[in-house]
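> The following block contains the structure, expressed as structure tokens.
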Amino acid sequence: MGRELSHTEVVDLLGAYALDALEPAELQTVDRHVQNCRECLAEVAQHREVAGLLTPGWSKPPPGLWDKIAASLEEEAPPLDLAPVMAMKPRRAVSAAAPQRNFGTGIAAMVAVAAMVMIGFLGFRAVDLGGDNTPGGTYAQELQRSVNAALAEPDSRKVDLVSTDGYRMAHAVVLPDGTGYLVKNNLPALSDERTYQLWALVGTSAISVGVIGPEPKIVPFKMDGPVSVLAITEEGKGGVVSSKQDPVVAGRVQAV
Amino acid sequence: MDNLRDASDAALVVAIGRWNEDALAEVYRRHGGAAYALARRLLNDNQLAEEVLQEVFLRLWNTPERFDSERGSLRSYLLAQTHGRAVDLIRSETSRRRREEREARESTNFGDDIEREVIDLTVSEKVKEIVAGLPTDERQAIELAYFGGHTYRQVAVMLEAPEGTVKSRIRSGLRRLKKDLAEAGVGASWAEN
């Protein structure tokens with residue numbers, strides 16, 4: 001199915017889509033529509049909830065399966081110098097060995113701007129979520145709580161990432177253990193074919209911390225080592241191992 | 001670990017985002033059995049079902065941000081992932097599928113399969129009753145698509161019905177189930193723990 005489908009045509013297919021019952025040729029078209037249509041997304045979620053109820057009960061997984069999964073986590077989550085570039089939002093630092101590139105003169109200029117511009121964490125404070133500290137809540141709420149805790153942590157480092165003209169900025173907070181959050185930004189939304197990518201400068205190496213999507217909001221990430229600068233570049237969808245772009249924004253990370 | 005036992009699914013996913021392996025273990029404890037049952041039902045192969053389960057949990061570990069609790073429960077997310085991967089495997093064996101389709105046309109009594117499946121559900125007898133109350137044509141279409149791993153066009157051939165009719169039956173059947181389950185008060189308690 002090469003042509004785009006109308007909303008009505010897609011709606012007709014949502015049941016089949018939710019049950020993975022579309023033809024491959026239709027799947028891509030419907031998927032593209034659903035990901036950009038709140039109404040369709042909500043209906044698919046409802047269908048999948050219902051389908052989940054039809055699941056044939058509970059079968060005790062074979063003994064040892066969890067051990068296999070746990071063992072492979074170590075392979076899948078290697079330390080800083082081995083992990084692949086992630087296709088989605090960043091969680092793991094990436095490839096210390098590969099990208100031996102500096103970003104050119106842009107990064108120094110941006111760091112200088114960041115030092116001069118009075119922005120960011122002066123006005124930054126934890127968001128009041130109404131005192132709801134129960135274990136419940138949505139993923140977004142849980143993430144916001146984590147950010148709030150990080151911002152309130154006395155030893156956390158706040159990083160202002162700024163463009164050379166001072167108009168574009170992003171703010172991050174990094175905990176002593178290297179866990180960080182991109183907290184907010186005013187970066188323009190990109191097309192689906194483009195993405196922002198977060199980088200950490202360790203020595204002269206730009207290390208990909210992760211691919212953060214075309215419209216990043218709160219993004220958790222992890223970094224390790226003596227990171228001196230955080231920077232964000234714009235890349236093609238999926239990100240790159242080594243960037244050829246100058247950063248959109250960059251900011252210096254205070255040494256611990 | 002005790003704290004994790006009390007944590008919501010959303011909180012567990014956030015903990016997984018911080019590389020908390022115990023949180024993943026807790027998610028596995030809660031939902032691994034349902035995912036394994038579904039994979040085994042679809043694939044009829046314990047080894048392949050294990051591989052699917054491994055893949056699904058590794059995917060959650062690597063990209064927990066793909067789960068959005070505002071769009072549904074973690075259980076349905078994991079089951080959808082399991083279903084999708086299992087269906088990929090089924091369809092990758094084209095010749096086997098063709099043979100199975102022939103066999104299905106020749107021998108399957110479509111009417112009772114969903115009812116039989118939900119007999120094993122710990123959720124409730126209510127679900128079984130509600131599924132049994134579905135119009136037969138809707139129940140058949142859903143069963144062949146969901147448990148058979150068939151596309152709606154394949155289902156249309158198997159049921160000798162127009163494609164448009166089958167896709168509408170799948171959707172209307174799911175909507176009817178949702179409404180009936182909601183009226184019966186089923187649909188939230190199974191999401192966690």
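As shown in the structure tokens, the chain order sets the letters A, B, ...; within each chain, residues go from 1, and ligands are also counted from 1 in the order they appear.
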List the spatial neighbours of Arg40 of chain B as a CSV table (one decimal) with C-alpha atoms, in the first residue's frame - criterion: any atom at most 9 Å away, only C-alpha atoms, same-chain residues fewer than 5 positions off excluded.

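Resulting contents of out_20.csv:
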```csv
chain,number,residue,atom,x,y,z
A,59,SER,CA,2.3,-20.3,32.4
B,35,ALA,CA,3.8,-13.2,28.3
B,45,ASP,CA,7.1,-24.2,20.8
B,46,ASN,CA,8.7,-23.7,24.2
B,47,GLN,CA,12.1,-22.9,22.9
B,48,LEU,CA,10.9,-20.1,20.6
B,49,ALA,CA,8.6,-18.8,23.4
B,50,GLU,CA,11.6,-18.5,25.7
B,86,ALA,CA,5.8,-14.1,18.0
```
> Quick one: which chain A residues come within 7 Å of chain B, and what is the nearest atom pair for each with the distance in Å to one decimal, counting only C-alpha atoms, rows ordered by chain and ascending number, as CSV?

```
residue,atom,partner,partner_atom,distance
A:Asp12,CA,B:Ser168,CA,6.3
A:Leu13,CA,B:Lys167,CA,6.2
A:Leu14,CA,B:Arg171,CA,6.7
A:Gly15,CA,B:Arg171,CA,4.1
A:Ala16,CA,B:Lys167,CA,6.2
A:Leu19,CA,B:Tyr146,CA,5.6
A:Asp20,CA,B:Gly84,CA,6.1
A:Ala21,CA,B:Thr151,CA,3.9
A:Leu22,CA,B:Thr151,CA,5.3
A:Glu23,CA,B:Thr151,CA,6.0
A:Ala42,CA,B:Arg71,CA,6.6
A:Ala45,CA,B:Arg71,CA,5.8
A:His47,CA,B:Leu174,CA,6.0
A:Arg48,CA,B:Ser76,CA,6.0
A:Glu49,CA,B:Ser76,CA,5.3
A:Val50,CA,B:Lys178,CA,6.0
A:Gly52,CA,B:Ser76,CA,5.2
A:Leu54,CA,B:Val118,CA,6.2
A:Thr55,CA,B:Leu38,CA,5.8
A:Pro56,CA,B:Glu117,CA,5.1
A:Gly57,CA,B:Leu121,CA,4.0
A:Trp58,CA,B:Ala34,CA,4.6
A:Ser59,CA,B:Gly33,CA,4.9
A:Lys60,CA,B:Gly33,CA,5.1
A:Pro61,CA,B:Gly33,CA,5.7
A:Ile69,CA,B:Gln54,CA,5.7
A:Leu73,CA,B:Leu58,CA,6.9
A:Arg91,CA,B:Gly17,CA,6.8
A:Pro135,CA,B:Ala7,CA,5.2
A:Gly136,CA,B:Ser8,CA,5.0
A:Gly137,CA,B:Ala10,CA,6.6
A:Thr138,CA,B:Ser69,CA,5.4
A:Tyr139,CA,B:Ala10,CA,5.0
A:Glu142,CA,B:Ala11,CA,6.1
A:Leu143,CA,B:Val14,CA,6.6
```
> Fewer than 4 positions away in the same chain doesn't count, so skip those; otherwise give me all residues within 9 Å of segment 227-230 of chain A, counting only C-alpha atoms, as a PyMOL selection string.
chain A and resi 107+111+159-161+172+198-203+223+249-255
> Could you take the residues named above and write them with N, CA and C atoms, as a compact mmCIF listing (two decimals), in the first residue's frame?

```txt
# COMPACT_ATOMS: atom_id res chain seq x y z
N ILE A 107 31.95 24.76 19.68
CA ILE A 107 31.73 24.35 21.06
C ILE A 107 32.32 25.34 22.06
N VAL A 111 30.22 27.45 24.82
CA VAL A 111 30.50 27.36 26.25
C VAL A 111 30.73 28.75 26.82
N VAL A 159 23.80 22.07 34.32
CA VAL A 159 24.52 22.43 33.10
C VAL A 159 23.59 23.22 32.19
N ASP A 160 24.04 24.41 31.80
CA ASP A 160 23.30 25.21 30.82
C ASP A 160 23.95 25.03 29.46
N LEU A 161 23.19 24.53 28.53
CA LEU A 161 23.68 24.37 27.16
C LEU A 161 23.07 25.48 26.32
N ALA A 172 20.40 20.78 31.83
CA ALA A 172 20.55 19.41 32.31
C ALA A 172 20.99 19.43 33.76
N LEU A 198 22.66 13.81 21.96
CA LEU A 198 23.38 14.37 23.11
C LEU A 198 24.78 13.78 23.18
N TRP A 199 25.75 14.65 23.38
CA TRP A 199 27.15 14.24 23.41
C TRP A 199 27.83 14.72 24.70
N ALA A 200 28.82 13.93 25.12
CA ALA A 200 29.66 14.34 26.25
C ALA A 200 31.10 14.43 25.75
N LEU A 201 31.75 15.50 26.12
CA LEU A 201 33.15 15.67 25.74
C LEU A 201 34.02 15.17 26.89
N VAL A 202 34.79 14.12 26.62
CA VAL A 202 35.74 13.59 27.60
C VAL A 202 37.12 13.73 26.99
N GLY A 203 37.92 14.60 27.55
CA GLY A 203 39.19 14.92 26.91
C GLY A 203 38.91 15.55 25.56
N MET A 223 26.13 9.22 32.14
CA MET A 223 27.46 9.52 31.62
C MET A 223 28.50 9.09 32.64
N VAL A 249 23.59 23.41 20.68
CA VAL A 249 23.85 24.05 21.99
C VAL A 249 24.96 23.26 22.69
N ALA A 250 25.65 23.91 23.58
CA ALA A 250 26.69 23.24 24.36
C ALA A 250 26.88 23.98 25.68
N GLY A 251 27.37 23.26 26.67
CA GLY A 251 27.61 23.90 27.96
C GLY A 251 28.64 23.15 28.78
N ARG A 252 29.36 23.89 29.59
CA ARG A 252 30.44 23.28 30.38
C ARG A 252 29.88 22.59 31.61
N VAL A 253 30.46 21.42 31.92
CA VAL A 253 30.08 20.68 33.12
C VAL A 253 31.13 20.95 34.18
N GLN A 254 30.68 21.42 35.33
CA GLN A 254 31.62 21.68 36.41
C GLN A 254 32.27 20.39 36.86
N ALA A 255 33.56 20.44 37.14
CA ALA A 255 34.24 19.24 37.65
C ALA A 255 33.69 18.90 39.03
```
> Have a look at A:Ile212, A:Leu175, A:Leu41, A:Ala25 and name the one nearest to Asp155 of chain A; count only C-alpha atoms.
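For Asp155 of chain A, the nearest of the candidates is A:Leu175.
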